[in-house]
file coords26.cif (mmCIF, C-alpha atoms)
data_protein
loop_
_atom_site.label_atom_id
_atom_site.label_comp_id
_atom_site.auth_asym_id
_atom_site.auth_seq_id
_atom_site.Cartn_x
_atom_site.Cartn_y
_atom_site.Cartn_z
CA MET A 1 -43.92 -13.05 3.95
CA GLY A 2 -43.08 -16.48 2.56
CA LEU A 3 -39.54 -17.77 2.27
CA GLY A 4 -39.81 -18.13 -1.52
CA THR A 5 -40.96 -14.54 -1.85
CA ILE A 6 -38.06 -13.32 0.29
CA LEU A 7 -35.59 -15.39 -1.73
CA LEU A 8 -36.87 -14.33 -5.15
CA GLY A 9 -37.24 -10.73 -4.06
CA VAL A 10 -33.69 -10.33 -2.79
CA ILE A 11 -32.10 -12.16 -5.75
CA LEU A 12 -33.87 -10.32 -8.57
CA VAL A 13 -35.96 -7.38 -7.38
CA ASN A 14 -33.89 -5.95 -4.52
CA ASN A 15 -30.48 -7.21 -5.62
CA TYR A 16 -27.96 -5.69 -3.24
CA VAL A 17 -25.48 -4.81 -6.00
CA LEU A 18 -27.72 -3.84 -8.91
CA ALA A 19 -30.72 -2.29 -7.13
CA GLN A 20 -29.35 -1.12 -3.79
CA PHE A 21 -25.78 -0.40 -4.99
CA LEU A 22 -24.08 -2.11 -2.05
CA GLY A 23 -20.90 -4.11 -2.62
CA ILE A 24 -19.80 -2.18 -5.69
CA CYS A 25 -16.04 -2.42 -4.94
CA PRO A 26 -15.74 -6.21 -5.29
CA PHE A 27 -18.37 -6.15 -8.05
CA LEU A 28 -16.14 -3.92 -10.18
CA GLY A 29 -12.80 -5.21 -8.93
CA VAL A 30 -13.14 -8.99 -9.06
CA SER A 31 -15.41 -9.41 -12.08
CA LYS A 32 -12.68 -9.43 -14.75
CA LYS A 33 -12.34 -13.23 -14.70
CA LEU A 34 -15.20 -15.69 -14.27
CA ASP A 35 -13.39 -17.97 -11.83
CA SER A 36 -12.51 -15.06 -9.52
CA ALA A 37 -16.06 -13.71 -9.76
CA VAL A 38 -17.54 -17.09 -8.84
CA GLY A 39 -15.05 -17.54 -5.99
CA MET A 40 -15.82 -14.11 -4.58
CA GLY A 41 -19.56 -14.70 -4.95
CA VAL A 42 -19.41 -18.01 -3.10
CA ALA A 43 -17.25 -16.47 -0.36
CA VAL A 44 -19.75 -13.61 0.02
CA ILE A 45 -22.68 -16.06 0.26
CA PHE A 46 -20.84 -17.98 2.96
CA VAL A 47 -19.93 -14.83 4.90
CA MET A 48 -23.42 -13.32 4.58
CA VAL A 49 -25.13 -16.43 5.93
CA LEU A 50 -22.58 -16.86 8.72
CA ALA A 51 -22.77 -13.17 9.60
CA THR A 52 -26.54 -13.33 9.83
CA ALA A 53 -26.39 -16.53 11.86
CA ALA A 54 -24.17 -14.68 14.34
CA THR A 55 -25.56 -11.14 14.27
CA TRP A 56 -29.28 -11.91 14.51
CA PRO A 57 -29.01 -13.55 17.96
CA ILE A 58 -26.50 -10.89 19.05
CA MET A 59 -29.05 -8.22 18.13
CA GLN A 60 -31.62 -9.93 20.34
CA VAL A 61 -29.15 -9.69 23.24
CA LEU A 62 -28.41 -6.05 22.45
CA ASN A 63 -32.15 -5.33 22.46
CA GLN A 64 -32.55 -7.20 25.75
CA PHE A 65 -29.95 -4.98 27.42
CA LYS A 66 -31.28 -1.87 25.64
CA ILE A 67 -27.95 -1.19 23.91
CA ALA A 68 -29.12 -1.58 20.31
CA TYR A 69 -27.21 1.59 19.45
CA LEU A 70 -24.06 -0.59 19.41
CA GLN A 71 -25.46 -2.60 16.49
CA THR A 72 -23.17 -1.28 13.75
CA ILE A 73 -19.96 -1.59 15.75
CA VAL A 74 -20.77 -5.09 16.96
CA PHE A 75 -21.84 -6.24 13.49
CA ILE A 76 -18.62 -4.92 11.91
CA LEU A 77 -16.51 -6.76 14.50
CA VAL A 78 -18.41 -10.01 13.93
CA ILE A 79 -18.11 -9.69 10.14
CA ALA A 80 -14.38 -8.93 10.38
CA ALA A 81 -13.82 -12.03 12.50
CA LEU A 82 -15.81 -14.20 10.10
CA VAL A 83 -13.89 -12.92 7.08
CA GLN A 84 -10.61 -13.73 8.82
CA PHE A 85 -11.92 -17.25 9.40
CA VAL A 86 -12.90 -17.61 5.72
CA GLU A 87 -9.53 -16.27 4.58
CA MET A 88 -7.64 -18.75 6.77
CA ALA A 89 -9.82 -21.62 5.56
CA LEU A 90 -9.33 -20.70 1.89
CA LYS A 91 -5.60 -20.29 2.37
CA LYS A 92 -5.38 -23.76 3.87
CA PHE A 93 -7.88 -25.71 1.74
CA ILE A 94 -8.13 -23.81 -1.60
CA PRO A 95 -4.87 -21.83 -2.02
CA SER A 96 -5.48 -21.17 -5.73
CA LEU A 97 -8.76 -19.37 -4.97
CA HIS A 98 -7.10 -17.53 -2.09
CA LYS A 99 -4.40 -16.30 -4.46
CA ALA A 100 -6.92 -15.42 -7.20
CA LEU A 101 -9.03 -13.31 -4.83
CA GLY A 102 -5.90 -11.58 -3.52
CA VAL A 103 -6.56 -8.29 -1.80
CA TYR A 104 -10.31 -8.51 -2.44
CA LEU A 105 -10.86 -11.28 0.11
CA PRO A 106 -10.00 -9.06 3.10
CA LEU A 107 -12.19 -6.40 1.46
CA ILE A 108 -15.24 -8.57 2.22
CA THR A 109 -14.79 -7.15 5.72
CA THR A 110 -15.56 -3.71 4.35
CA ASN A 111 -18.12 -4.95 1.81
CA CYS A 112 -21.13 -2.89 2.74
CA ALA A 113 -23.43 -5.54 1.23
CA VAL A 114 -22.55 -7.94 4.06
CA LEU A 115 -23.22 -5.33 6.73
CA GLY A 116 -26.26 -4.13 4.79
CA VAL A 117 -27.91 -7.55 4.75
CA CYS A 118 -27.34 -8.02 8.49
CA ILE A 119 -28.90 -4.65 9.29
CA SER A 120 -31.68 -5.16 6.74
CA ASN A 121 -32.67 -8.44 8.38
CA ILE A 122 -33.19 -6.60 11.66
CA ASP A 123 -34.92 -3.59 10.07
CA GLU A 124 -37.33 -5.82 8.13
CA GLY A 125 -38.28 -7.63 11.34
CA TYR A 126 -37.36 -11.05 9.96
CA GLY A 127 -37.32 -14.07 12.22
CA TYR A 128 -34.16 -16.17 12.37
CA ILE A 129 -35.04 -18.52 9.47
CA GLN A 130 -36.32 -15.63 7.33
CA ALA A 131 -33.10 -13.72 8.01
CA LEU A 132 -30.99 -16.70 6.96
CA VAL A 133 -33.01 -17.13 3.75
CA ASN A 134 -32.73 -13.40 3.03
CA SER A 135 -28.96 -13.56 3.54
CA ALA A 136 -28.56 -16.61 1.33
CA GLY A 137 -30.68 -14.93 -1.35
CA ALA A 138 -28.67 -11.71 -1.10
CA GLY A 139 -25.49 -13.73 -1.55
CA ILE A 140 -26.95 -15.63 -4.51
CA GLY A 141 -28.02 -12.30 -6.03
CA PHE A 142 -24.47 -10.99 -5.52
CA LEU A 143 -23.07 -14.12 -7.20
CA LEU A 144 -25.54 -13.78 -10.09
CA ALA A 145 -24.57 -10.14 -10.62
CA MET A 146 -20.87 -11.03 -10.50
CA VAL A 147 -21.20 -13.87 -13.01
CA LEU A 148 -23.34 -11.86 -15.44
CA PHE A 149 -21.06 -8.85 -15.22
CA SER A 150 -17.97 -11.02 -15.65
CA GLY A 151 -19.44 -12.46 -18.84
CA MET A 152 -20.23 -9.00 -20.15
CA ARG A 153 -16.74 -7.73 -19.31
CA SER A 154 -15.10 -10.67 -21.08
CA LYS A 155 -16.92 -9.66 -24.28
CA LEU A 156 -15.63 -6.09 -23.93
CA GLU A 157 -11.99 -7.06 -23.31
CA GLY A 158 -9.94 -6.09 -26.35
CA ASN A 159 -13.02 -5.13 -28.38
CA GLU A 160 -11.83 -2.79 -31.15
CA ALA A 161 -15.36 -1.41 -31.74
CA ILE A 162 -15.30 0.50 -28.45
CA PRO A 163 -14.22 4.13 -28.98
CA LYS A 164 -10.87 4.94 -27.35
CA CYS A 165 -12.43 7.43 -24.91
CA PHE A 166 -14.75 4.68 -23.58
CA GLN A 167 -12.17 1.91 -23.21
CA GLY A 168 -11.31 0.70 -19.70
CA VAL A 169 -13.21 2.08 -16.72
CA PRO A 170 -15.82 4.13 -18.66
CA ILE A 171 -17.18 1.16 -20.61
CA THR A 172 -17.09 -0.95 -17.44
CA LEU A 173 -19.30 1.57 -15.62
CA VAL A 174 -21.65 1.94 -18.59
CA THR A 175 -21.96 -1.85 -18.77
CA ALA A 176 -22.71 -2.03 -15.04
CA ALA A 177 -25.42 0.59 -15.53
CA PHE A 178 -27.02 -1.41 -18.34
CA LEU A 179 -26.95 -4.58 -16.22
CA SER A 180 -28.61 -2.65 -13.39
CA LEU A 181 -31.27 -1.35 -15.79
CA GLY A 182 -31.91 -4.92 -16.92
CA PHE A 183 -32.61 -5.96 -13.34
CA MET A 184 -35.06 -3.07 -12.96
CA GLY A 185 -37.34 -5.09 -15.24
CA PHE A 186 -37.97 -7.44 -12.29
CA SER A 187 -39.32 -4.61 -10.12
CA GLY A 188 -42.97 -5.70 -10.26
CA LEU A 189 -42.24 -9.41 -9.79
CA VAL A 190 -42.61 -9.54 -6.01
CA GLY A 191 -45.21 -7.41 -4.31
#

call {"tool": "encode", "arguments": {"input": "coords26.cif", "output": "structure tokens"}}
result
Amino acid sequence: MGLGTILLGVILVNNYVLAQFLGICPFLGVSKKLDSAVGMGVAVIFVMVLATAATWPIMQVLNQFKIAYLQTIVFILVIAALVQFVEMALKKFIPSLHKALGVYLPLITTNCAVLGVCISNIDEGYGYIQALVNSAGAGIGFLLAMVLFSGMRSKLEGNEAIPKCFQGVPITLVTAAFLSLGFMGFSGLVG
């Protein structure tokens, strides 16, 4: 499979948030403001690519020693360490973004989209470069979903036309469902 096909497929067709429903917590939690959504999306791209860069070779070692059953535990530990590194770097170099992301930055550790992309790279049998492209595309797809959803949520904020029973969380979930349905239109794009 070509790198362009992998990239396009994971951004639009198999978007981790809108098609595979991984990473929903930060998707719903950090998408209220565009700047926070972009910051979280960029941090997730960075962590996904770094996590893949670290976990793919580690998986080769686990396979070599026939202890692949430790995959999930090892991947979670690697991702947790990488997120701590990103948090320290943001705190030092971009404190405003660190403050804006707040509690959601440490939640990247438990973001199942990051773990999902690392495991998916192994399950799909991707080589190292393909895995890195898949991870970057998954992160870009996450960022795209965050930005689009943030824009949609900003239009809903304070909208008087929304019935009282739908205001708040209900309309947010309905909007997320419509965004997901919109991405289903890309399902035949990559074969």

call {"tool": "resolve_selection", "arguments": {"input": "coords26.cif", "expression": "the PyMOL selection byres ((chain A and resi 75) around 9)", "output": "ChimeraX atom specification"}}
result
/A:51,54-55,58-59,70-74,76-80,115,118-119

call {"tool": "atom_distance", "arguments": {"input": "coords26.cif", "atom1": "atom CA of A:Ser96", "atom2": "atom CA of A:Leu156"}}
result
25.7 Å

call {"tool": "resolve_selection", "arguments": {"input": "coords26.cif", "expression": "the PyMOL selection byres ((chain A and resi 179-187) around 8)", "output": "list in words"}}
result
Leu12, Val13, Asn14, Leu18, Ala19, Phe149, Thr175, Ala176, Ala177, Phe178, Gly188, Leu189 and Val190 of chain A

call {"tool": "resolve_selection", "arguments": {"input": "coords26.cif", "expression": "the PyMOL selection byres ((chain A and resi 121) around 12)", "output": "NGL selection string"}}
result
:A and (6 or 10 or 48-49 or 51-53 or 55-57 or 59 or 114-120 or 122-138)

call {"tool": "atom_distance", "arguments": {"input": "coords26.cif", "atom1": "atom CA of A:Gly39", "atom2": "atom CA of A:Thr172"}}
result
20.3 Å

call {"tool": "residues_around", "arguments": {"input": "coords26.cif", "residues": "A:Leu101", "least_positions_apart": "6", "cutoff": "9 Å", "atoms": "all atoms listed in the file", "output": "JSON, numbers by chain"}}
result
{"A": [30, 36, 37, 39, 40]}

call {"tool": "atom_distance", "arguments": {"input": "coords26.cif", "atom1": "atom CA of A:Gln20", "atom2": "atom CA of A:Gly2"}}
result
21.6 Å

call {"tool": "closest_residue", "arguments": {"input": "coords26.cif", "among": "A:Val47, A:Val147, A:Met152, A:Gly141", "to": "A:Gly9", "atoms": "all atoms listed in the file"}}
result
A:Gly141

call {"tool": "axis_aligned_box", "arguments": {"input": "coords26.cif", "around": "stretch 121-132 of chain A", "padding_each_side": "8 Å", "output": "AutoDock Vina command-line options"}}
result
--center_x -34.6 --center_y -11.1 --center_z 9.7 --size_x 23.3 --size_y 30.9 --size_z 21.4

call {"tool": "closest_residue", "arguments": {"input": "coords26.cif", "among": "A:Phe65, A:Gly102, A:Lys33, A:Ala43", "to": "A:Val83", "atoms": "all atoms listed in the file"}}
result
A:Ala43

call {"tool": "decode", "arguments": {"input": "coords26.cif", "residues": "stretch 121-170 of chain A", "atoms": "N, CA and C atoms", "output": "compact mmCIF listing (two decimals), in the first residue's frame"}}
result
# COMPACT_ATOMS: atom_id res chain seq x y z
N ASN A 121 -0.60 -0.19 13.80
CA ASN A 121 0.58 -0.26 12.93
C ASN A 121 1.16 -1.67 12.91
N ILE A 122 1.18 -2.32 14.04
CA ILE A 122 1.69 -3.68 14.14
C ILE A 122 0.72 -4.66 13.48
N ASP A 123 -0.58 -4.51 13.81
CA ASP A 123 -1.59 -5.42 13.27
C ASP A 123 -1.71 -5.35 11.75
N GLU A 124 -1.51 -4.14 11.19
CA GLU A 124 -1.60 -3.98 9.74
C GLU A 124 -0.34 -4.47 9.03
N GLY A 125 0.70 -4.77 9.78
CA GLY A 125 1.95 -5.26 9.19
C GLY A 125 2.75 -4.17 8.50
N TYR A 126 2.59 -2.93 8.92
CA TYR A 126 3.30 -1.82 8.31
C TYR A 126 4.79 -1.89 8.63
N GLY A 127 5.60 -1.49 7.65
CA GLY A 127 7.02 -1.29 7.89
C GLY A 127 7.20 -0.01 8.69
N TYR A 128 8.43 0.30 9.03
CA TYR A 128 8.69 1.44 9.91
C TYR A 128 8.21 2.76 9.30
N ILE A 129 8.54 3.02 8.04
CA ILE A 129 8.14 4.28 7.40
C ILE A 129 6.62 4.33 7.25
N GLN A 130 6.01 3.22 6.84
CA GLN A 130 4.55 3.17 6.72
C GLN A 130 3.88 3.43 8.06
N ALA A 131 4.44 2.88 9.13
CA ALA A 131 3.89 3.09 10.46
C ALA A 131 3.97 4.55 10.88
N LEU A 132 5.09 5.19 10.56
CA LEU A 132 5.24 6.61 10.89
C LEU A 132 4.25 7.46 10.11
N VAL A 133 4.06 7.15 8.82
CA VAL A 133 3.10 7.89 8.00
C VAL A 133 1.68 7.65 8.52
N ASN A 134 1.36 6.42 8.87
CA ASN A 134 0.04 6.12 9.42
C ASN A 134 -0.20 6.90 10.72
N SER A 135 0.81 6.97 11.57
CA SER A 135 0.68 7.70 12.83
C SER A 135 0.52 9.19 12.59
N ALA A 136 1.30 9.74 11.69
CA ALA A 136 1.17 11.17 11.38
C ALA A 136 -0.22 11.45 10.80
N GLY A 137 -0.69 10.59 9.92
CA GLY A 137 -2.03 10.75 9.35
C GLY A 137 -3.12 10.63 10.39
N ALA A 138 -2.96 9.68 11.31
CA ALA A 138 -3.94 9.53 12.39
C ALA A 138 -3.99 10.78 13.25
N GLY A 139 -2.82 11.35 13.53
CA GLY A 139 -2.76 12.59 14.29
C GLY A 139 -3.38 13.76 13.54
N ILE A 140 -3.11 13.84 12.24
CA ILE A 140 -3.70 14.91 11.42
C ILE A 140 -5.22 14.74 11.37
N GLY A 141 -5.68 13.51 11.25
CA GLY A 141 -7.12 13.24 11.28
C GLY A 141 -7.74 13.64 12.60
N PHE A 142 -7.03 13.38 13.70
CA PHE A 142 -7.49 13.79 15.03
C PHE A 142 -7.58 15.31 15.11
N LEU A 143 -6.54 15.99 14.61
CA LEU A 143 -6.53 17.45 14.59
C LEU A 143 -7.68 18.00 13.74
N LEU A 144 -7.89 17.42 12.57
CA LEU A 144 -8.97 17.85 11.69
C LEU A 144 -10.32 17.71 12.38
N ALA A 145 -10.54 16.57 13.03
CA ALA A 145 -11.80 16.34 13.74
C ALA A 145 -11.96 17.36 14.87
N MET A 146 -10.89 17.62 15.59
CA MET A 146 -10.95 18.59 16.70
C MET A 146 -11.30 19.99 16.20
N VAL A 147 -10.64 20.42 15.13
CA VAL A 147 -10.86 21.77 14.59
C VAL A 147 -12.28 21.91 14.05
N LEU A 148 -12.74 20.93 13.28
CA LEU A 148 -14.10 20.98 12.74
C LEU A 148 -15.14 20.99 13.85
N PHE A 149 -14.93 20.13 14.83
CA PHE A 149 -15.89 20.04 15.93
C PHE A 149 -15.87 21.31 16.78
N SER A 150 -14.70 21.88 16.96
CA SER A 150 -14.59 23.13 17.71
C SER A 150 -15.37 24.25 17.01
N GLY A 151 -15.25 24.30 15.69
CA GLY A 151 -16.01 25.30 14.93
C GLY A 151 -17.51 25.09 15.05
N MET A 152 -17.92 23.85 15.01
CA MET A 152 -19.35 23.54 15.14
C MET A 152 -19.86 23.91 16.54
N ARG A 153 -19.05 23.60 17.55
CA ARG A 153 -19.46 23.90 18.93
C ARG A 153 -19.53 25.40 19.18
N SER A 154 -18.64 26.16 18.54
CA SER A 154 -18.68 27.62 18.75
C SER A 154 -19.97 28.22 18.19
N LYS A 155 -20.51 27.61 17.14
CA LYS A 155 -21.78 28.09 16.57
C LYS A 155 -22.96 27.73 17.48
N LEU A 156 -22.82 26.67 18.27
CA LEU A 156 -23.90 26.24 19.15
C LEU A 156 -23.93 26.99 20.47
N GLU A 157 -22.77 27.51 20.88
CA GLU A 157 -22.63 28.20 22.16
C GLU A 157 -23.59 29.38 22.24
N GLY A 158 -24.49 29.34 23.20
CA GLY A 158 -25.43 30.43 23.42
C GLY A 158 -26.51 30.57 22.36
N ASN A 159 -26.68 29.56 21.51
CA ASN A 159 -27.69 29.61 20.47
C ASN A 159 -29.08 29.42 21.10
N GLU A 160 -29.92 30.43 20.96
CA GLU A 160 -31.26 30.40 21.57
C GLU A 160 -32.23 29.47 20.82
N ALA A 161 -31.89 29.07 19.60
CA ALA A 161 -32.79 28.23 18.81
C ALA A 161 -32.77 26.77 19.27
N ILE A 162 -31.78 26.41 20.08
CA ILE A 162 -31.69 25.02 20.55
C ILE A 162 -32.67 24.84 21.70
N PRO A 163 -33.55 23.83 21.61
CA PRO A 163 -34.50 23.58 22.71
C PRO A 163 -33.75 23.35 24.03
N LYS A 164 -34.35 23.75 25.11
CA LYS A 164 -33.72 23.67 26.43
C LYS A 164 -33.27 22.25 26.77
N CYS A 165 -34.05 21.24 26.40
CA CYS A 165 -33.70 19.86 26.72
C CYS A 165 -32.48 19.36 25.93
N PHE A 166 -32.11 20.06 24.85
CA PHE A 166 -30.95 19.66 24.05
C PHE A 166 -29.71 20.49 24.34
N GLN A 167 -29.83 21.55 25.13
CA GLN A 167 -28.68 22.41 25.39
C GLN A 167 -27.64 21.67 26.22
N GLY A 168 -26.37 22.02 25.98
CA GLY A 168 -25.26 21.42 26.74
C GLY A 168 -24.77 20.13 26.10
N VAL A 169 -24.67 19.10 26.92
CA VAL A 169 -24.11 17.82 26.47
C VAL A 169 -24.93 17.17 25.36
N PRO A 170 -26.27 17.15 25.45
CA PRO A 170 -27.03 16.48 24.37
C PRO A 170 -26.74 17.03 22.98
